[in-house]
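Asks: After the structure tokens below, expect a handful of questions from me.
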Amino acid sequence: MTNSRRDFLKLIAASGGGLLLGFHGFAGEAEAAVATATAAGADFNAYLSIAPDGIVTIFSPNPEVGQGIKTAFPIIVAEELDVPWQAVRVMQAPLDTKKFERQVAGGSGSIPHSWQRLRKAGATARRMLLDAAAKRWQVPADECSAANGTVLHAKTGKKATYGELAAEAAGLPVPTDVKLKDIRDFKLIGSTVKNVDNAKILTGKPLFGLDFYREGMLFAMIQRPPAFGLKVKSVNATDAKAMPGVVDVVTFKNNVAVVGKSTWQVKKAREALKVEYEKDAALESSADHNRIFTELMDGKGGEITVRRKDGDVDAAFASAAKVVKGEYQCPFLPHSPLEPMNFFAHVREDGVELVGPTQTPELARNETAKLLGIAPEKVTVELTRMGGGFGRRLKADFVLEAAELSSLVKAPVKVIWTREDDTTGGSYRPAVRYRFEAALDAQNNLVGYKLRGVGINAGNPTRQDNFPSGAVPNLLIDSVEHKSPITTGAWRAPITNFLAFAEQSFLDEVALASGKDPVQFRLDLLDKAKTAPTGPIKYDIDRMKAVTQLAAEKAGWGKKKGVSQGFSVYFSHNSYVAQVGEVTLKKGIPTLTKIYAAADCGVVINQSGARQQVTGGIVDGLGHAMYGNLTFKDGAPEQKNYNSYRLIRFNEVPEVEVHFVDNGKDPTGLGEPALPPTGAAVANAIFKATGKRLRNQPFVEEGVFKSV
């Protein structure tokens, strides 16, 4: 079976009838209908169905990119419905902007957006089942109770399963106001639940975009310019066209595509292309970027944009007893998802079918419609599971390649990128340099703070309202941008993925200069932000303090002998994460042995998924801080595959211990917030152990790890 709405409706119809609920815009306004063959054309949104055998089927609308949303969404519904998890089945919904809101995997926003909506969905179905039982037994509905997929009337001992009541419930009025569970009564939410796709992933079932196959489709690989700043001048495709399996060679925009009957055939034919390029823009090298950083940081060229200014910064620094300065720099990074970009498109006269892994299916649809000059309603998008995205699949360039090729060759086409294509033709994390300055008074109080961020295609490389803003009476944050032909885009925890390292490392420098413990230094600043704030406070001071204290407590901060500890705390994507890195010296070489993490993401929906998200974010943040580096020579990436682009290895991952703050607040996201604090927690621990301050990433190029 394919993951399609049609197959889902056929399944429900074949089951012999049941309750099918749709929630328009996830607003909690439900409609009910008997799921028979006649219901196949009903216009529903988020589907909750209950078959006569008691099986509950839930459509998950958001893209699954490994963040566990396909498991978390159904958990929320099942909790309020009060149904055993083993009776739940999950199916991926296609794009449908009339029925769903925010079908996006990005910004760690899926859970916060849908939390209340999904709870109401489950609670509404539960209420209707209770009403159906009460009507059948001729008893007051408030005398009935529901649990574990069964409705019970305690006074008479009567009971019925959800499956037995489903058809009757479908004919009842839909309640407009339902009572949600008290969080103290949660049974499923907060427990440990295995990912619904685990078995299929482990047994190699077709879930991912690369798995998708349609009889009669063609395969395509595209030759893109080898350097940013080049354009196609001429193409000689004679040899390529003569090779086995090749159907066509197509030049479009600034690309040359080989279309054929198999991936191997088009790959070999692409190697036979003779493409000549000419310069279209500056061919920048990494050495150029370092020069540009220095010039713009010193105000030589570029437009300085003030992002936030509090108090009298000049006066604070002029009267300072001590000034601390530091500069930090990060390189470009590819996203490096395990599954390279790919997408299927079939452009027909009556519409367009798109199938594949995208974090933004609505963008894919709309951009395709714009490209082809058709109405968006004529484009359908079916979602596959993604083998990683990290922000790369927020864009639609690879989707448009497939759509345009299909329109040109008049056939269904699947575009496949190789690993080299993915690394060299991507949309990278911007390279950024930060300059910090801190002014301390005679009592070692932080009275002035300056930050300038210079980014290459980074937009605003600062987060001007994040901590320590609001805790410093005199503060200036500004930025400068350099426009480059090198394409950039959102990379997991955009901007904060490096900014957190720089800010938290610099705060350790300031704490050292003030003679204060790094953790207490931060707690004192948070207290100041609460009692005497300067300007707007856009983070929750108490929540940041709580994770700070929890991480320090669990790590035994400052109490261990022979272990050097480093601290970091950061707020991003509405969640708070504090970390403590532990380093020991082995023959004079620092070795990272453990990372403690304390996270406040509100109510934890799935302990398993949440812990994996925090751990995965830490490993990702550590690996890229330690090893990730993409350099350029005359506009061309110098690292093209994993043999030259270094990723963290299994034996380099330390023990990770995760704790959650239990505060009962509505849940926030976890796909990104655990990554930003990691680099500083590790770097600050390394400084404690060696006295070496790490200011640039990757760390391996800073001369500390002599064994690497």
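Simple scheme: letters A, B, ... for chains in structure tokens order, numbers from 1 for residues in each chain, numbers from 1 for ligands in the order shown.
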Residues of region 190-438 of chain A classed as strand (DSSP E or B) by DSSP on the backbone are to be reported as a PyMOL selection string.
Replies: chain A and resi 191+208+218-223+230-236+246-252+255-260+274-279+305-310+322-330+332-333+342-348+351-356+379-383+385+413-416+428-429+432-438
Asks: Set the distance at 10 Å and use only C-alpha atoms: which residues neighbour Arg224 (chain A) once local chain neighbours fewer than 4 positions away are removed? I'd like the list as a list in words.
Replies: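 Non-adjacent residues within range: Phe228, Leu230, Lys231, Val232, Asn254, Asn255, Val256, Ala257, Val275, Asp421, Thr424 and Gly425 of chain A.
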Asks: Contacts of Leu512 (chain A) at 12 Å or less, counting only C-alpha atoms, minus same-chain residues fewer than 5 places along, as an MDAnalysis selection string?
Replies: chainID A and resid 324 440 444 446 505:507 517:522 684 687:688 691 693
Asks: Mind writing the picked residues with all heavy atoms as a short mmCIF file (atom, residue, chain, number, x, y, z; two decimals), in the first residue's frame?
Replies:
```cif
data_model
loop_
_atom_site.label_atom_id
_atom_site.label_comp_id
_atom_site.auth_asym_id
_atom_site.auth_seq_id
_atom_site.Cartn_x
_atom_site.Cartn_y
_atom_site.Cartn_z
N VAL A 324 36.88 43.39 28.38
CA VAL A 324 37.18 42.06 27.86
C VAL A 324 36.74 42.01 26.40
O VAL A 324 35.64 42.45 26.06
CB VAL A 324 36.45 40.96 28.67
CG1 VAL A 324 36.85 39.57 28.17
CG2 VAL A 324 36.72 41.11 30.15
N LEU A 440 33.50 45.97 32.55
CA LEU A 440 33.31 45.67 33.96
C LEU A 440 33.64 46.90 34.79
O LEU A 440 34.62 47.61 34.50
CB LEU A 440 34.21 44.51 34.39
CG LEU A 440 33.99 43.16 33.68
CD1 LEU A 440 35.06 42.16 34.10
CD2 LEU A 440 32.61 42.61 33.98
N ASN A 444 33.57 44.65 39.48
CA ASN A 444 33.49 43.52 38.55
C ASN A 444 32.06 43.19 38.12
O ASN A 444 31.74 42.04 37.80
CB ASN A 444 34.15 42.27 39.15
CG ASN A 444 35.66 42.35 39.11
OD1 ASN A 444 36.23 42.79 38.11
ND2 ASN A 444 36.31 41.95 40.19
N LEU A 446 29.11 43.50 35.30
CA LEU A 446 29.01 43.69 33.86
C LEU A 446 28.09 44.89 33.59
O LEU A 446 26.88 44.81 33.80
CB LEU A 446 28.46 42.43 33.19
CG LEU A 446 28.26 42.48 31.67
CD1 LEU A 446 29.57 42.76 30.94
CD2 LEU A 446 27.66 41.17 31.17
N SER A 505 30.70 31.10 25.25
CA SER A 505 32.14 31.06 25.48
C SER A 505 32.64 32.41 25.96
O SER A 505 33.47 32.50 26.88
CB SER A 505 32.87 30.66 24.20
OG SER A 505 32.55 29.34 23.82
N PHE A 506 32.13 33.48 25.35
CA PHE A 506 32.56 34.81 25.75
C PHE A 506 32.09 35.13 27.17
O PHE A 506 32.83 35.75 27.95
CB PHE A 506 32.03 35.86 24.78
CG PHE A 506 32.48 37.25 25.13
CD1 PHE A 506 33.82 37.62 25.02
CD2 PHE A 506 31.57 38.20 25.58
CE1 PHE A 506 34.24 38.90 25.35
CE2 PHE A 506 31.98 39.48 25.93
CZ PHE A 506 33.32 39.84 25.81
N LEU A 507 30.87 34.71 27.54
CA LEU A 507 30.42 34.94 28.91
C LEU A 507 31.32 34.25 29.92
O LEU A 507 31.52 34.74 31.03
CB LEU A 507 28.97 34.48 29.07
CG LEU A 507 27.90 35.39 28.47
CD1 LEU A 507 26.51 34.81 28.69
CD2 LEU A 507 27.99 36.80 29.04
N ASP A 517 32.36 32.43 39.56
CA ASP A 517 32.05 31.12 39.02
C ASP A 517 31.14 31.29 37.79
O ASP A 517 30.18 32.08 37.83
CB ASP A 517 31.32 30.29 40.08
CG ASP A 517 30.81 28.97 39.53
OD1 ASP A 517 31.60 28.03 39.40
OD2 ASP A 517 29.60 28.92 39.21
N PRO A 518 31.41 30.56 36.69
CA PRO A 518 30.63 30.75 35.46
C PRO A 518 29.13 30.53 35.62
O PRO A 518 28.33 31.27 35.04
CB PRO A 518 31.24 29.72 34.49
CG PRO A 518 32.63 29.52 34.99
CD PRO A 518 32.53 29.64 36.48
N VAL A 519 28.73 29.52 36.39
CA VAL A 519 27.31 29.28 36.59
C VAL A 519 26.69 30.39 37.43
O VAL A 519 25.63 30.93 37.10
CB VAL A 519 27.07 27.90 37.25
CG1 VAL A 519 25.61 27.74 37.64
CG2 VAL A 519 27.47 26.79 36.29
N GLN A 520 27.34 30.74 38.53
CA GLN A 520 26.81 31.80 39.39
C GLN A 520 26.78 33.13 38.66
O GLN A 520 25.86 33.95 38.87
CB GLN A 520 27.65 31.92 40.66
CG GLN A 520 27.01 32.79 41.73
CD GLN A 520 25.64 32.28 42.14
OE1 GLN A 520 25.47 31.10 42.46
NE2 GLN A 520 24.63 33.16 42.14
N PHE A 521 27.77 33.37 37.80
CA PHE A 521 27.81 34.60 37.01
C PHE A 521 26.55 34.73 36.17
O PHE A 521 25.92 35.80 36.10
CB PHE A 521 29.06 34.59 36.12
CG PHE A 521 29.19 35.79 35.22
CD1 PHE A 521 29.53 37.03 35.73
CD2 PHE A 521 28.97 35.66 33.86
CE1 PHE A 521 29.65 38.14 34.89
CE2 PHE A 521 29.09 36.75 33.01
CZ PHE A 521 29.43 37.99 33.53
N ARG A 522 26.13 33.64 35.55
CA ARG A 522 24.92 33.67 34.72
C ARG A 522 23.67 33.83 35.58
O ARG A 522 22.74 34.56 35.22
CB ARG A 522 24.84 32.39 33.88
CG ARG A 522 25.88 32.34 32.75
CD ARG A 522 25.95 30.95 32.14
NE ARG A 522 26.78 30.87 30.96
CZ ARG A 522 28.11 30.73 30.97
NH1 ARG A 522 28.74 30.65 32.15
NH2 ARG A 522 28.79 30.65 29.84
N ASN A 684 34.34 25.37 26.85
CA ASN A 684 34.64 25.92 28.18
C ASN A 684 35.29 24.87 29.07
O ASN A 684 36.13 25.20 29.92
CB ASN A 684 33.36 26.45 28.82
CG ASN A 684 32.86 27.72 28.13
OD1 ASN A 684 33.63 28.45 27.51
ND2 ASN A 684 31.56 27.98 28.23
N PHE A 687 38.90 24.65 27.93
CA PHE A 687 39.68 25.77 28.49
C PHE A 687 40.05 25.50 29.94
O PHE A 687 41.19 25.76 30.36
CB PHE A 687 38.88 27.07 28.39
CG PHE A 687 39.55 28.23 29.08
CD1 PHE A 687 40.59 28.90 28.46
CD2 PHE A 687 39.16 28.61 30.35
CE1 PHE A 687 41.23 29.95 29.10
CE2 PHE A 687 39.80 29.66 31.01
CZ PHE A 687 40.83 30.34 30.37
N LYS A 688 39.09 24.98 30.70
CA LYS A 688 39.36 24.70 32.12
C LYS A 688 40.49 23.67 32.25
O LYS A 688 41.31 23.75 33.16
CB LYS A 688 38.08 24.16 32.74
CG LYS A 688 38.14 24.01 34.25
CD LYS A 688 38.00 25.35 34.95
CE LYS A 688 37.92 25.18 36.47
NZ LYS A 688 36.66 24.50 36.88
N GLY A 691 43.65 25.58 29.49
CA GLY A 691 43.97 27.00 29.42
C GLY A 691 43.91 27.55 28.02
O GLY A 691 44.22 28.72 27.79
N ARG A 693 41.77 28.78 24.94
CA ARG A 693 40.44 29.27 24.59
C ARG A 693 40.17 28.98 23.11
O ARG A 693 40.92 29.43 22.24
CB ARG A 693 40.35 30.77 24.85
CG ARG A 693 38.99 31.38 24.58
CD ARG A 693 37.96 30.95 25.58
NE ARG A 693 38.21 31.45 26.92
CZ ARG A 693 37.48 31.13 28.00
NH1 ARG A 693 36.47 30.26 27.86
NH2 ARG A 693 37.76 31.61 29.18
#
```
Asks: Env of Ile201 (chain A): 12 Å cut, atoms = only C-alpha atoms, seq-sep filter 6 positions within chain, self excluded. Answer as a VMD selection string.
Replies: chain A and resid 66 195 207 to 208 211 385 to 387
Asks: Please identify the alpha helix (DSSP H) residues within region 221-368 of chain A (assignment by DSSP from backbone atoms) and present them as a compact mmCIF listing (two decimals) with all heavy atoms, in the first residue's frame.
Replies:
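Final output, saved to selection-v7.txt:
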```txt
# COMPACT_ATOMS: atom_id res chain seq x y z
N THR A 238 27.07 14.80 -27.21
CA THR A 238 27.05 13.73 -28.22
C THR A 238 27.38 12.37 -27.61
O THR A 238 26.66 11.39 -27.83
CB THR A 238 28.05 14.06 -29.35
OG1 THR A 238 27.70 15.33 -29.91
CG2 THR A 238 27.99 12.98 -30.42
N ASP A 239 28.47 12.31 -26.86
CA ASP A 239 28.89 11.03 -26.27
C ASP A 239 27.86 10.54 -25.25
O ASP A 239 27.55 9.34 -25.18
CB ASP A 239 30.25 11.18 -25.60
CG ASP A 239 31.36 11.42 -26.61
OD1 ASP A 239 31.13 11.16 -27.81
OD2 ASP A 239 32.44 11.89 -26.20
N ALA A 240 27.33 11.46 -24.46
CA ALA A 240 26.37 11.08 -23.42
C ALA A 240 25.09 10.52 -24.04
O ALA A 240 24.54 9.51 -23.58
CB ALA A 240 26.05 12.28 -22.54
N LYS A 241 24.61 11.15 -25.09
CA LYS A 241 23.37 10.70 -25.72
C LYS A 241 23.50 9.33 -26.35
O LYS A 241 22.51 8.60 -26.49
CB LYS A 241 22.93 11.71 -26.77
CG LYS A 241 22.38 13.01 -26.21
CD LYS A 241 21.92 13.94 -27.33
CE LYS A 241 21.29 15.21 -26.79
NZ LYS A 241 20.84 16.13 -27.86
N THR A 263 19.47 4.87 -12.64
CA THR A 263 20.39 5.82 -12.01
C THR A 263 21.83 5.60 -12.48
O THR A 263 22.57 6.56 -12.70
CB THR A 263 20.33 5.69 -10.48
OG1 THR A 263 20.57 4.32 -10.11
CG2 THR A 263 18.98 6.11 -9.95
N TRP A 264 22.24 4.35 -12.61
CA TRP A 264 23.61 4.07 -13.02
C TRP A 264 23.86 4.57 -14.44
O TRP A 264 24.90 5.17 -14.73
CB TRP A 264 23.90 2.58 -12.92
CG TRP A 264 25.31 2.22 -13.31
CD1 TRP A 264 25.71 1.56 -14.42
CD2 TRP A 264 26.50 2.54 -12.58
NE1 TRP A 264 27.08 1.43 -14.44
CE2 TRP A 264 27.60 2.02 -13.32
CE3 TRP A 264 26.77 3.20 -11.39
CZ2 TRP A 264 28.92 2.15 -12.90
CZ3 TRP A 264 28.09 3.33 -10.97
CH2 TRP A 264 29.14 2.82 -11.72
N GLN A 265 22.91 4.34 -15.31
CA GLN A 265 23.10 4.77 -16.70
C GLN A 265 23.18 6.29 -16.82
O GLN A 265 24.04 6.81 -17.55
CB GLN A 265 21.95 4.23 -17.57
CG GLN A 265 22.03 2.73 -17.80
CD GLN A 265 20.80 2.17 -18.50
OE1 GLN A 265 19.67 2.62 -18.25
NE2 GLN A 265 20.99 1.18 -19.36
N VAL A 266 22.33 7.01 -16.11
CA VAL A 266 22.39 8.47 -16.22
C VAL A 266 23.62 9.02 -15.50
O VAL A 266 24.18 10.04 -15.91
CB VAL A 266 21.10 9.14 -15.70
CG1 VAL A 266 19.91 8.71 -16.53
CG2 VAL A 266 20.87 8.86 -14.23
N LYS A 267 24.07 8.34 -14.46
CA LYS A 267 25.28 8.79 -13.77
C LYS A 267 26.49 8.65 -14.68
O LYS A 267 27.33 9.56 -14.77
CB LYS A 267 25.49 7.99 -12.48
CG LYS A 267 26.71 8.41 -11.67
CD LYS A 267 26.82 7.59 -10.40
CE LYS A 267 27.98 8.07 -9.54
NZ LYS A 267 29.31 7.94 -10.19
N LYS A 268 26.62 7.52 -15.34
CA LYS A 268 27.76 7.31 -16.24
C LYS A 268 27.70 8.27 -17.43
O LYS A 268 28.72 8.79 -17.89
CB LYS A 268 27.78 5.86 -16.72
CG LYS A 268 27.99 4.84 -15.61
CD LYS A 268 29.24 5.09 -14.80
CE LYS A 268 30.51 4.85 -15.61
NZ LYS A 268 31.73 5.05 -14.80
N ALA A 269 26.48 8.50 -17.94
CA ALA A 269 26.35 9.40 -19.08
C ALA A 269 26.68 10.84 -18.68
O ALA A 269 27.25 11.60 -19.47
CB ALA A 269 24.93 9.32 -19.64
N ARG A 270 26.32 11.20 -17.47
CA ARG A 270 26.65 12.56 -17.01
C ARG A 270 28.15 12.78 -17.00
O ARG A 270 28.63 13.88 -17.30
CB ARG A 270 26.06 12.80 -15.61
CG ARG A 270 26.22 14.25 -15.15
CD ARG A 270 25.57 14.51 -13.81
NE ARG A 270 26.22 13.81 -12.71
CZ ARG A 270 26.02 14.09 -11.43
NH1 ARG A 270 25.17 15.06 -11.09
NH2 ARG A 270 26.63 13.41 -10.48
N GLU A 271 28.90 11.74 -16.66
CA GLU A 271 30.36 11.85 -16.65
C GLU A 271 30.92 12.06 -18.05
O GLU A 271 32.05 12.54 -18.20
CB GLU A 271 30.96 10.60 -16.01
CG GLU A 271 30.60 10.43 -14.53
CD GLU A 271 31.01 9.08 -13.98
OE1 GLU A 271 31.59 8.28 -14.75
OE2 GLU A 271 30.74 8.81 -12.79
N SER A 286 38.02 30.97 0.44
CA SER A 286 37.97 31.14 1.89
C SER A 286 38.91 32.25 2.35
O SER A 286 38.61 32.96 3.31
CB SER A 286 38.30 29.83 2.59
OG SER A 286 37.28 28.87 2.34
N ALA A 287 40.04 32.41 1.67
CA ALA A 287 40.95 33.51 2.01
C ALA A 287 40.29 34.86 1.79
O ALA A 287 40.50 35.82 2.56
CB ALA A 287 42.23 33.40 1.17
N ASP A 288 39.48 34.96 0.74
CA ASP A 288 38.74 36.20 0.51
C ASP A 288 37.76 36.47 1.65
O ASP A 288 37.60 37.61 2.09
CB ASP A 288 37.95 36.11 -0.81
CG ASP A 288 38.84 35.92 -2.02
OD1 ASP A 288 39.91 36.56 -2.08
OD2 ASP A 288 38.47 35.11 -2.89
N HIS A 289 37.13 35.43 2.13
CA HIS A 289 36.15 35.60 3.20
C HIS A 289 36.81 36.09 4.48
O HIS A 289 36.25 36.94 5.19
CB HIS A 289 35.42 34.28 3.46
CG HIS A 289 34.63 33.81 2.27
ND1 HIS A 289 34.42 32.48 1.99
CD2 HIS A 289 34.04 34.50 1.27
CE1 HIS A 289 33.70 32.38 0.88
NE2 HIS A 289 33.46 33.59 0.42
N ASN A 290 37.99 35.59 4.79
CA ASN A 290 38.68 36.06 5.99
C ASN A 290 39.03 37.54 5.87
O ASN A 290 38.91 38.29 6.84
CB ASN A 290 39.95 35.23 6.21
CG ASN A 290 39.64 33.82 6.69
OD1 ASN A 290 38.64 33.59 7.38
ND2 ASN A 290 40.47 32.86 6.32
N ARG A 291 39.46 37.96 4.69
CA ARG A 291 39.76 39.38 4.47
C ARG A 291 38.49 40.22 4.59
O ARG A 291 38.49 41.29 5.22
CB ARG A 291 40.40 39.57 3.09
CG ARG A 291 40.58 41.03 2.67
CD ARG A 291 41.14 41.12 1.27
NE ARG A 291 40.37 40.37 0.29
CZ ARG A 291 39.21 40.79 -0.23
NH1 ARG A 291 38.69 41.95 0.15
NH2 ARG A 291 38.57 40.06 -1.13
N ILE A 292 37.41 39.72 4.00
CA ILE A 292 36.13 40.45 4.06
C ILE A 292 35.64 40.57 5.50
O ILE A 292 35.17 41.64 5.92
CB ILE A 292 35.09 39.72 3.18
CG1 ILE A 292 35.45 39.88 1.70
CG2 ILE A 292 33.68 40.26 3.45
CD1 ILE A 292 34.67 38.96 0.78
N PHE A 293 35.77 39.51 6.27
CA PHE A 293 35.38 39.56 7.67
C PHE A 293 36.13 40.68 8.40
O PHE A 293 35.53 41.47 9.14
CB PHE A 293 35.68 38.23 8.36
CG PHE A 293 34.62 37.18 8.16
CD1 PHE A 293 34.97 35.86 7.93
CD2 PHE A 293 33.27 37.50 8.23
CE1 PHE A 293 34.00 34.88 7.76
CE2 PHE A 293 32.29 36.53 8.06
CZ PHE A 293 32.66 35.21 7.83
N THR A 294 37.43 40.74 8.22
CA THR A 294 38.24 41.73 8.91
C THR A 294 37.84 43.15 8.52
O THR A 294 37.69 44.04 9.37
CB THR A 294 39.73 41.50 8.62
OG1 THR A 294 40.10 40.20 9.08
CG2 THR A 294 40.59 42.54 9.34
N GLU A 295 37.67 43.38 7.23
CA GLU A 295 37.32 44.71 6.75
C GLU A 295 35.96 45.16 7.27
O GLU A 295 35.80 46.28 7.77
CB GLU A 295 37.34 44.74 5.22
CG GLU A 295 38.73 44.58 4.62
CD GLU A 295 38.70 44.45 3.11
OE1 GLU A 295 37.59 44.35 2.55
OE2 GLU A 295 39.78 44.44 2.49
N LEU A 296 34.95 44.29 7.15
CA LEU A 296 33.61 44.67 7.58
C LEU A 296 33.51 44.80 9.10
O LEU A 296 32.78 45.65 9.61
CB LEU A 296 32.59 43.64 7.08
CG LEU A 296 32.43 43.54 5.56
CD1 LEU A 296 31.35 42.52 5.19
CD2 LEU A 296 32.08 44.90 4.95
N MET A 297 34.24 43.97 9.81
CA MET A 297 34.23 44.06 11.26
C MET A 297 34.76 45.41 11.72
O MET A 297 34.29 45.99 12.71
CB MET A 297 35.07 42.92 11.86
CG MET A 297 34.93 42.79 13.36
SD MET A 297 33.26 42.31 13.90
CE MET A 297 33.24 40.58 13.46
N VAL A 313 26.23 53.14 25.87
CA VAL A 313 27.32 52.16 25.73
C VAL A 313 28.68 52.84 25.75
O VAL A 313 29.62 52.36 26.40
CB VAL A 313 27.13 51.34 24.44
CG1 VAL A 313 28.30 50.37 24.26
CG2 VAL A 313 25.82 50.59 24.47
N ASP A 314 28.81 53.96 25.05
CA ASP A 314 30.10 54.65 24.99
C ASP A 314 30.56 55.08 26.38
O ASP A 314 31.74 54.92 26.74
CB ASP A 314 30.00 55.88 24.08
CG ASP A 314 29.81 55.50 22.62
OD1 ASP A 314 30.15 54.35 22.25
OD2 ASP A 314 29.32 56.34 21.84
N ALA A 315 29.65 55.59 27.17
CA ALA A 315 30.01 56.04 28.51
C ALA A 315 30.42 54.86 29.39
O ALA A 315 31.36 54.95 30.19
CB ALA A 315 28.84 56.78 29.14
N ALA A 316 29.71 53.74 29.25
CA ALA A 316 30.01 52.56 30.06
C ALA A 316 31.42 52.05 29.78
O ALA A 316 32.16 51.68 30.71
CB ALA A 316 28.99 51.47 29.79
N PHE A 317 31.81 52.04 28.52
CA PHE A 317 33.14 51.55 28.18
C PHE A 317 34.22 52.58 28.52
O PHE A 317 35.33 52.22 28.90
CB PHE A 317 33.21 51.17 26.70
CG PHE A 317 32.70 49.77 26.43
CD1 PHE A 317 31.34 49.53 26.25
CD2 PHE A 317 33.57 48.70 26.38
CE1 PHE A 317 30.86 48.25 26.02
CE2 PHE A 317 33.11 47.41 26.16
CZ PHE A 317 31.74 47.18 25.98
N ALA A 318 33.89 53.85 28.40
CA ALA A 318 34.87 54.89 28.72
C ALA A 318 35.23 54.88 30.20
O ALA A 318 36.37 55.18 30.58
CB ALA A 318 34.32 56.26 28.32
N PRO A 361 6.02 21.15 2.10
CA PRO A 361 5.25 20.70 0.94
C PRO A 361 4.42 21.81 0.28
O PRO A 361 4.25 21.80 -0.94
CB PRO A 361 4.35 19.60 1.51
CG PRO A 361 4.34 19.82 2.99
CD PRO A 361 5.66 20.41 3.32
N GLU A 362 3.93 22.75 1.06
CA GLU A 362 3.15 23.83 0.46
C GLU A 362 4.04 24.72 -0.42
O GLU A 362 3.64 25.14 -1.51
CB GLU A 362 2.47 24.69 1.53
CG GLU A 362 1.58 25.76 0.94
CD GLU A 362 0.86 26.58 2.00
OE1 GLU A 362 1.06 26.33 3.20
OE2 GLU A 362 0.09 27.48 1.61
N LEU A 363 5.26 24.98 0.03
CA LEU A 363 6.20 25.74 -0.79
C LEU A 363 6.50 24.99 -2.08
O LEU A 363 6.55 25.58 -3.17
CB LEU A 363 7.49 26.01 -0.02
CG LEU A 363 8.60 26.72 -0.80
CD1 LEU A 363 8.20 28.17 -1.08
CD2 LEU A 363 9.92 26.68 -0.04
N ALA A 364 6.71 23.67 -1.97
CA ALA A 364 6.98 22.85 -3.16
C ALA A 364 5.83 22.96 -4.15
O ALA A 364 6.04 23.10 -5.37
CB ALA A 364 7.21 21.40 -2.75
N ARG A 365 4.61 22.88 -3.65
CA ARG A 365 3.44 23.00 -4.53
C ARG A 365 3.35 24.37 -5.17
O ARG A 365 3.17 24.49 -6.39
CB ARG A 365 2.17 22.72 -3.73
CG ARG A 365 0.89 22.74 -4.57
CD ARG A 365 -0.35 22.88 -3.72
NE ARG A 365 -0.44 24.20 -3.09
CZ ARG A 365 -1.46 24.61 -2.36
NH1 ARG A 365 -2.48 23.78 -2.14
NH2 ARG A 365 -1.48 25.81 -1.83
N ASN A 366 3.46 25.41 -4.37
CA ASN A 366 3.27 26.77 -4.88
C ASN A 366 4.37 27.17 -5.87
O ASN A 366 4.09 27.82 -6.89
CB ASN A 366 3.21 27.75 -3.73
CG ASN A 366 1.97 27.58 -2.88
OD1 ASN A 366 1.02 26.90 -3.29
ND2 ASN A 366 1.95 28.18 -1.71
N GLU A 367 5.61 26.77 -5.57
CA GLU A 367 6.70 27.11 -6.47
C GLU A 367 6.59 26.34 -7.78
O GLU A 367 6.94 26.85 -8.85
CB GLU A 367 8.05 26.84 -5.79
CG GLU A 367 8.38 27.80 -4.66
CD GLU A 367 8.55 29.22 -5.16
OE1 GLU A 367 9.40 29.45 -6.03
OE2 GLU A 367 7.83 30.12 -4.68
N THR A 368 6.13 25.11 -7.70
CA THR A 368 5.91 24.33 -8.92
C THR A 368 4.81 24.95 -9.77
O THR A 368 4.94 25.06 -11.00
CB THR A 368 5.54 22.88 -8.56
OG1 THR A 368 6.64 22.27 -7.87
CG2 THR A 368 5.22 22.07 -9.81
```
Asks: Tell me, counting only C-alpha atoms, for each residue of region 211-234 of chain A within 10 Å of region 397-403 of chain A, which pair of atoms is nearest and how far apart they are in Å to one decimal, in rows ordered by chain and increasing number, as a Markdown table.
Replies:
```
| residue | atom | partner | partner_atom | distance |
| --- | --- | --- | --- | --- |
| A:Phe219 | CA | A:Ala402 | CA | 9.6 |
| A:Ala220 | CA | A:Ala402 | CA | 8.2 |
| A:Met221 | CA | A:Ala402 | CA | 9.8 |
| A:Ile222 | CA | A:Glu401 | CA | 8.7 |
```
Asks: Can I get the residues of region 270-356 of chain A within 8 Å of region 461-479 of chain A, each with the closest pair of atoms and their distance in Å to one decimal, using only C-alpha atoms, sorted chain first then ascending number, as a Markdown table?
Replies:
```
| residue | atom | partner | partner_atom | distance |
| --- | --- | --- | --- | --- |
| A:Ile304 | CA | A:Ser479 | CA | 5.6 |
| A:Thr305 | CA | A:Ser479 | CA | 5.3 |
| A:Val306 | CA | A:Asp478 | CA | 4.2 |
| A:Arg307 | CA | A:Asp478 | CA | 5.0 |
| A:Arg308 | CA | A:Ile477 | CA | 5.2 |
| A:Lys309 | CA | A:Leu476 | CA | 4.5 |
| A:Asp310 | CA | A:Leu475 | CA | 5.0 |
| A:Gly311 | CA | A:Asn474 | CA | 4.4 |
| A:Asp312 | CA | A:Asn474 | CA | 5.5 |
| A:Val313 | CA | A:Asn474 | CA | 4.9 |
| A:Ala316 | CA | A:Asn474 | CA | 6.7 |
```
